[in-house]
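Reproduced below: data_17.txt, with compact mmCIF, C-alpha atoms.
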```txt
# COMPACT_ATOMS: atom_id res chain seq x y z
CA ASP H 1 0.00 0.00 0.00
CA THR H 2 2.68 2.44 -1.13
CA ALA H 3 1.37 6.01 -1.24
CA VAL H 4 2.97 6.97 -4.58
CA SER H 5 4.20 4.18 -6.79
CA GLN H 6 6.05 4.33 -10.09
CA THR H 7 6.87 1.67 -12.60
CA PRO H 8 9.32 0.65 -13.77
CA LYS H 9 12.06 1.37 -11.23
CA TYR H 10 14.78 0.96 -13.85
CA LEU H 11 14.51 1.50 -17.58
CA VAL H 12 17.34 0.99 -20.05
CA THR H 13 16.57 1.74 -23.66
CA GLN H 14 18.17 2.75 -26.93
CA MET H 15 18.19 6.18 -28.49
CA GLY H 16 15.19 6.86 -30.63
CA ASN H 17 12.84 4.57 -28.74
CA ASP H 18 9.55 5.62 -27.16
CA LYS H 19 8.91 4.74 -23.53
CA SER H 20 6.39 5.36 -20.77
CA ILE H 21 6.63 5.61 -17.02
CA LYS H 22 3.53 5.01 -14.94
CA CYS H 23 2.60 6.65 -11.65
CA GLU H 24 -0.25 6.01 -9.26
CA GLN H 25 -1.13 7.61 -5.93
CA ASN H 26 -3.61 6.25 -3.40
CA LEU H 27 -3.65 9.32 -1.17
CA GLY H 28 -6.67 10.96 -2.73
CA HIS H 29 -4.58 13.98 -3.67
CA ASP H 30 -5.72 16.50 -6.24
CA THR H 31 -2.30 17.36 -7.64
CA MET H 32 0.40 15.20 -9.21
CA TYR H 33 3.82 16.14 -10.56
CA TRP H 34 6.73 14.87 -12.60
CA TYR H 35 10.25 15.90 -11.62
CA LYS H 36 13.54 15.17 -13.35
CA GLN H 37 16.73 14.73 -11.31
CA ASP H 38 19.90 14.85 -13.36
CA SER H 39 23.32 13.42 -12.62
CA LYS H 40 24.19 16.49 -10.55
CA LYS H 41 21.13 15.86 -8.38
CA PHE H 42 19.37 18.97 -9.67
CA LEU H 43 15.64 18.43 -9.11
CA LYS H 44 13.50 20.20 -11.68
CA ILE H 45 9.75 20.21 -12.07
CA MET H 46 8.50 19.13 -15.48
CA PHE H 47 4.73 19.01 -15.19
CA SER H 48 1.96 19.17 -12.68
CA TYR H 49 -1.69 18.16 -12.97
CA ASN H 50 -4.43 19.49 -10.75
CA ASN H 51 -7.73 17.67 -11.08
CA LYS H 52 -6.63 16.38 -14.49
CA GLU H 53 -5.82 19.86 -15.76
CA LEU H 54 -2.26 20.71 -16.74
CA ILE H 55 -1.22 23.57 -14.53
CA ILE H 56 2.49 23.90 -15.15
CA ASN H 57 4.27 22.96 -18.30
CA GLU H 58 7.94 23.89 -17.94
CA THR H 59 10.09 24.35 -21.00
CA VAL H 60 10.68 20.68 -21.54
CA PRO H 61 10.93 19.21 -25.04
CA ASN H 62 7.58 18.32 -26.55
CA ARG H 63 8.86 14.76 -26.82
CA PHE H 64 7.71 14.53 -23.21
CA SER H 65 3.98 14.34 -22.67
CA PRO H 66 2.05 13.71 -19.45
CA LYS H 67 -1.15 11.71 -19.60
CA SER H 68 -3.62 11.52 -16.76
CA PRO H 69 -6.44 8.99 -17.22
CA ASP H 70 -7.84 9.90 -13.79
CA LYS H 71 -6.94 11.84 -10.66
CA ALA H 72 -4.94 8.97 -9.20
CA HIS H 73 -2.70 8.40 -12.22
CA LEU H 74 -0.18 10.53 -14.09
CA ASN H 75 1.89 8.78 -16.71
CA LEU H 76 4.86 10.20 -18.57
CA HIS H 77 5.40 9.38 -22.23
CA ILE H 78 8.72 10.10 -23.88
CA ASN H 79 9.20 9.90 -27.64
CA SER H 80 12.44 9.64 -29.59
CA LEU H 81 14.61 9.24 -26.53
CA GLU H 82 17.98 11.01 -26.47
CA LEU H 83 21.13 10.42 -24.44
CA GLY H 84 20.44 13.60 -22.48
CA ASP H 85 17.15 12.21 -21.24
CA SER H 86 19.06 9.86 -18.94
CA ALA H 87 18.09 10.82 -15.40
CA VAL H 88 15.95 9.78 -12.47
CA TYR H 89 12.31 10.74 -12.93
CA PHE H 90 10.20 11.22 -9.83
CA CYS H 91 6.47 11.30 -9.64
CA ALA H 92 4.94 13.15 -6.68
CA SER H 93 1.54 14.15 -5.38
CA SER H 94 0.16 16.71 -2.96
CA GLN H 95 -3.25 17.53 -1.54
CA ASN H 96 -3.27 20.71 -3.60
CA LEU H 97 -0.85 22.93 -5.47
CA GLY H 98 1.99 23.96 -3.18
CA GLY H 99 1.22 21.44 -0.47
CA GLN H 100 3.47 18.82 1.08
CA ALA H 101 4.66 16.58 -1.71
CA PHE H 102 4.93 12.81 -1.45
CA PHE H 103 7.44 11.35 -3.89
CA GLY H 104 7.48 7.99 -5.60
CA GLN H 105 10.65 5.90 -5.45
CA GLY H 106 11.86 7.19 -8.80
CA THR H 107 12.53 5.66 -12.21
CA ARG H 108 16.15 5.57 -13.31
CA LEU H 109 16.11 6.00 -17.08
CA THR H 110 19.28 5.19 -18.99
CA VAL H 111 19.42 5.88 -22.70
CA VAL H 112 22.22 4.09 -24.57
CA GLN K 113 14.78 31.66 -10.53
CA GLN K 114 16.55 28.87 -8.68
CA PRO K 115 17.15 29.50 -4.95
CA VAL K 116 20.74 29.43 -3.76
CA GLN K 117 21.65 27.03 -0.99
CA SER K 118 24.71 27.22 1.23
CA PRO K 119 26.87 25.51 2.12
CA GLN K 120 27.10 23.04 -0.75
CA ALA K 121 28.38 20.37 1.60
CA VAL K 122 29.13 19.96 5.28
CA ILE K 123 30.71 17.22 7.37
CA LEU K 124 29.85 16.98 11.05
CA ARG K 125 30.49 14.74 13.98
CA GLU K 126 27.46 13.17 15.61
CA GLY K 127 26.01 15.60 18.14
CA GLU K 128 27.15 18.77 16.37
CA ASP K 129 24.81 21.40 14.99
CA ALA K 130 24.33 22.51 11.39
CA VAL K 131 22.63 25.39 9.60
CA ILE K 132 21.63 25.25 5.95
CA ASN K 133 20.64 28.45 4.22
CA CYS K 134 18.37 29.10 1.26
CA SER K 135 17.99 32.46 -0.43
CA SER K 136 15.99 33.68 -3.37
CA SER K 137 16.13 36.71 -5.61
CA LYS K 138 12.35 36.84 -5.96
CA ALA K 139 9.48 37.41 -3.54
CA LEU K 140 8.46 34.16 -1.93
CA TYR K 141 5.12 32.71 -0.92
CA SER K 142 6.55 29.69 0.85
CA VAL K 143 9.65 27.62 1.40
CA HIS K 144 9.68 23.82 1.53
CA TRP K 145 12.46 21.64 2.93
CA TYR K 146 13.14 18.06 1.84
CA ARG K 147 15.81 15.51 2.66
CA GLN K 148 16.99 12.90 0.17
CA LYS K 149 19.14 9.92 1.06
CA HIS K 150 21.28 8.29 -1.59
CA GLY K 151 19.20 6.23 -3.99
CA GLU K 152 15.93 7.22 -2.36
CA ALA K 153 13.15 9.70 -2.98
CA PRO K 154 13.07 13.16 -1.37
CA VAL K 155 11.17 13.17 1.91
CA PHE K 156 9.22 16.17 3.16
CA LEU K 157 10.49 17.92 6.29
CA MET K 158 8.44 21.10 6.58
CA ILE K 159 6.74 24.03 4.84
CA LEU K 160 7.10 27.63 5.95
CA LEU K 161 4.57 30.12 4.69
CA LYS K 162 4.83 33.85 4.16
CA GLY K 163 4.60 35.53 7.54
CA GLY K 164 8.08 34.97 8.92
CA GLU K 165 7.23 31.92 10.93
CA GLN K 166 9.49 29.37 12.48
CA LYS K 167 8.72 25.70 12.64
CA GLY K 168 10.32 22.65 14.07
CA HIS K 169 9.93 19.09 15.12
CA ASP K 170 12.32 16.95 17.08
CA LYS K 171 15.73 18.59 16.62
CA ILE K 172 15.11 19.98 13.15
CA SER K 173 13.67 23.45 12.81
CA ALA K 174 13.51 26.18 10.22
CA SER K 175 12.87 29.87 9.89
CA PHE K 176 11.59 32.00 7.03
CA ASN K 177 12.37 35.69 6.65
CA GLU K 178 10.15 36.82 3.79
CA LYS K 179 11.60 40.33 3.74
CA LYS K 180 15.05 38.95 3.09
CA GLN K 181 13.64 36.13 0.97
CA GLN K 182 15.66 33.68 3.01
CA SER K 183 15.09 30.51 4.94
CA SER K 184 17.38 28.56 7.22
CA LEU K 185 17.19 24.94 8.34
CA TYR K 186 18.65 24.15 11.76
CA LEU K 187 19.74 20.67 12.77
CA THR K 188 20.74 20.40 16.41
CA ALA K 189 22.59 17.55 18.07
CA SER K 190 22.82 15.83 14.70
CA GLN K 191 22.28 12.11 14.44
CA LEU K 192 23.70 9.67 11.92
CA SER K 193 20.24 9.42 10.38
CA TYR K 194 20.39 13.09 9.41
CA SER K 195 22.92 12.35 6.66
CA GLY K 196 21.66 13.08 3.18
CA THR K 197 21.09 15.90 0.74
CA TYR K 198 18.83 18.71 1.87
CA PHE K 199 16.83 20.66 -0.69
CA CYS K 200 14.90 23.84 -0.27
CA GLY K 201 12.04 24.41 -2.67
CA THR K 202 10.53 27.82 -3.11
CA GLU K 203 7.19 29.08 -4.36
CA GLY K 204 6.89 32.54 -5.83
CA SER K 205 4.43 35.15 -4.71
CA GLY K 206 1.90 33.65 -7.11
CA GLY K 207 1.41 30.84 -4.67
CA GLY K 208 1.01 27.27 -5.82
CA ALA K 209 0.53 28.20 -9.44
CA ASP K 210 4.26 28.79 -9.82
CA GLY K 211 5.20 25.35 -8.58
CA LEU K 212 8.29 24.49 -6.59
CA THR K 213 11.76 25.51 -7.71
CA PHE K 214 14.46 23.57 -5.89
CA GLY K 215 17.96 24.66 -4.95
CA LYS K 216 20.95 22.53 -5.87
CA GLY K 217 20.98 20.87 -2.48
CA THR K 218 23.28 20.72 0.53
CA HIS K 219 25.09 17.45 1.08
CA LEU K 220 25.29 16.66 4.80
CA ILE K 221 27.53 13.91 6.15
CA ILE K 222 27.33 12.95 9.82
CA GLN K 223 30.25 10.93 11.11
CA PRO K 224 30.23 8.88 14.32
```
Please, can you express the file's structure as structure tokens?
Amino acid sequence: DTAVSQTPKYLVTQMGNDKSIKCEQNLGHDTMYWYKQDSKKFLKIMFSYNNKELIINETVPNRFSPKSPDKAHLNLHINSLELGDSAVYFCASSQNLGGQAFFGQGTRLTVV
Amino acid sequence: QQPVQSPQAVILREGEDAVINCSSSKALYSVHWYRQKHGEAPVFLMILLKGGEQKGHDKISASFNEKKQQSSLYLTASQLSYSGTYFCGTEGSGGGADGLTFGKGTHLIIQP
């Protein structure tokens, strides 16, 4: 009964492939986020969804697209993967925008 | 605008105190503090809202000076379990709509 769960935990793929990372939260939160943490540990917000509406869309490449089938799920689709996409991607949720965030365990994406 | 954290790293003996600072060049609505251990997800510590409040639990406390756009995290009588990377995340004066912008982190090592 993990609060925020992501799958897969590790993902190794070749350049040019398309991949998805799934995220589910069972906390009943209204807001979900995707963060990217690079090799220097810099944690940067990519997207957030509040009640299924995209609230923040940072200047990430349009190869990245969030998809939220319902309030409890926020998946991340990445097209045409590049070497620079290698990072740890964290999903998180909060009761509302700006509230305490609960993070998933992260997905380590390695593009070769 | 990314907040600036200092110091970048600190090494302490168990039982010593530490202060981690976070400053921003823009007006802040709130400051969040998270701790991340190696290979794990960031874990929420506390939120400080505009109003210059101070919060704390156990031996970890924090202050927020909105006029100076600064926050400090205080760890007293540090324990081995305090080791990790501490991130401050700031929200602009627009409140939650701006999302969290994290600093580069402060790496804290507690030695026995």
Mind running chain K against chain H at 12 Å and telling me each contacting residue's nearest atom pair with the distance in Å (one decimal), counting only C-alpha atoms, chain and number ascending, as a tab-separated table?
```
residue	atom	partner	partner_atom	distance
K:Gln113	CA	H:Lys44	CA	11.6
K:Gln114	CA	H:Lys44	CA	9.7
K:Pro115	CA	H:Phe42	CA	11.8
K:Tyr141	CA	H:Gly98	CA	9.6
K:Ser142	CA	H:Gly98	CA	8.4
K:Val143	CA	H:Gly98	CA	9.6
K:His144	CA	H:Gln100	CA	8.0
K:Trp145	CA	H:Gln100	CA	9.6
K:Tyr146	CA	H:Ala101	CA	9.3
K:Arg147	CA	H:Phe103	CA	11.4
K:Gln148	CA	H:Lys41	CA	10.0
K:Lys149	CA	H:Lys41	CA	11.3
K:His150	CA	H:Lys41	CA	10.2
K:Gly151	CA	H:Gln105	CA	8.7
K:Glu152	CA	H:Gln105	CA	6.3
K:Ala153	CA	H:Gln105	CA	5.2
K:Pro154	CA	H:Phe103	CA	6.4
K:Val155	CA	H:Phe102	CA	7.1
K:Phe156	CA	H:Gln100	CA	6.7
K:Leu157	CA	H:Gln100	CA	8.8
K:Met158	CA	H:Gln100	CA	7.8
K:Ile159	CA	H:Gln100	CA	7.2
K:Leu160	CA	H:Gly99	CA	10.7
K:Leu161	CA	H:Gly98	CA	10.3
K:Gly196	CA	H:Lys41	CA	11.9
K:Thr197	CA	H:Lys41	CA	9.1
K:Tyr198	CA	H:Lys41	CA	10.9
K:Phe199	CA	H:Leu43	CA	8.8
K:Cys200	CA	H:Leu43	CA	10.4
K:Gly201	CA	H:Leu43	CA	9.5
K:Thr202	CA	H:Gly98	CA	9.4
K:Glu203	CA	H:Gly98	CA	7.4
K:Gly204	CA	H:Gly98	CA	10.2
K:Ser205	CA	H:Gly98	CA	11.6
K:Gly206	CA	H:Gly98	CA	10.5
K:Gly207	CA	H:Gly98	CA	7.1
K:Gly208	CA	H:Gly98	CA	4.3
K:Ala209	CA	H:Leu97	CA	6.7
K:Asp210	CA	H:Ile56	CA	7.4
K:Gly211	CA	H:Gly98	CA	6.4
K:Leu212	CA	H:Ile45	CA	7.1
K:Thr213	CA	H:Lys44	CA	6.9
K:Phe214	CA	H:Leu43	CA	6.2
K:Gly215	CA	H:Phe42	CA	7.5
K:Lys216	CA	H:Phe42	CA	5.4
K:Gly217	CA	H:Phe42	CA	7.6
K:Thr218	CA	H:Lys41	CA	10.4
K:His219	CA	H:Lys41	CA	10.4
```
(request) Figure out the distance between CA of Ser94 in chain H and CA of Ser136 in chain K, please, to one decimal in Å. (result)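 These atoms are spaced 23.2 Å apart.
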Got a sec: who's within 9 Å of Asn17 in chain H, counting only C-alpha atoms, leaving out chain neighbours fewer than 2 positions off, as a compact mmCIF listing (two decimals) with C-alpha atoms, in the coordinates of the input?
```txt
# COMPACT_ATOMS: atom_id res chain seq x y z
CA THR H 13 16.57 1.74 -23.66
CA GLN H 14 18.17 2.75 -26.93
CA MET H 15 18.19 6.18 -28.49
CA LYS H 19 8.91 4.74 -23.53
CA ILE H 78 8.72 10.10 -23.88
CA ASN H 79 9.20 9.90 -27.64
CA SER H 80 12.44 9.64 -29.59
CA LEU H 81 14.61 9.24 -26.53
CA GLU H 82 17.98 11.01 -26.47
```
(request) Around the point (14.9, 14.9, -14.0) in the file's coordinates, collect all residues with an atom within 6 Å, using only C-alpha atoms, and return them as a list of chain:residue names. (result) H:Tyr35, H:Lys36, H:Gln37, H:Asp38, H:Lys44, H:Ala87, H:Val88, H:Tyr89
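Comparing the minimum interatomic distances between Glu128 in chain K and each of K:Gln223, K:Leu140, K:Ser175, K:Gly168, counting only C-alpha atoms, we find that K:Gln223 sits nearest.
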(request) Counting all atoms listed in the file, figure out which residue out of H:Arg63, H:Lys22, H:Lys9, H:Lys52 gets nearest to Asn75 in chain H. (result)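 Going through H:Arg63, H:Lys22, H:Lys9, H:Lys52 one by one, the smallest distance to Asn75 in chain H is for H:Lys22.
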Rows by chain and residue number, range 113-159 of chain K within 9 Å of range 179-184 of chain K, shortest pair, all atoms listed in the file, as a Markdown table:
```
| residue | atom | partner | partner_atom | distance |
| --- | --- | --- | --- | --- |
| K:Val131 | CA | K:Ser184 | CA | 6.6 |
| K:Ile132 | CA | K:Ser184 | CA | 5.5 |
| K:Asn133 | CA | K:Ser184 | CA | 4.4 |
| K:Cys134 | CA | K:Ser183 | CA | 5.1 |
| K:Ser135 | CA | K:Gln182 | CA | 4.3 |
| K:Ser136 | CA | K:Gln181 | CA | 5.5 |
| K:Ser137 | CA | K:Gln181 | CA | 7.1 |
| K:Lys138 | CA | K:Gln181 | CA | 7.1 |
| K:Ala139 | CA | K:Gln181 | CA | 6.3 |
| K:Leu140 | CA | K:Gln181 | CA | 6.3 |
| K:Val143 | CA | K:Ser183 | CA | 7.1 |
```
(request) For CA of Met32 in chain H and CA of Tyr49 in chain H, determine how far apart the two atoms are, in Å to one decimal place. (result)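 Separating CA of Met32 in chain H from CA of Tyr49 in chain H is a distance of 5.2 Å.
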(request) Measure the distance from CA of Leu220 in chain K to CA of Pro119 in chain K in Å and round it to one decimal. (result) 9.4 Å
(request) Using only C-alpha atoms, find all polymer residues with an atom at most 7 Å away from the point (-7.6, 17.8, -7.8); report them as a PyMOL selection string. (result) chain H and resi 29-31+50-52+71+96
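Close contacts of range 190-192 of chain K, defined as residues with an atom at most 6 Å away when counting all atoms listed in the file, with chain neighbours fewer than 2 positions off set aside, comprise Glu126, Gly127, Glu128, Asp129, Thr188, Tyr194, Ser195 and Ile222 of chain K.
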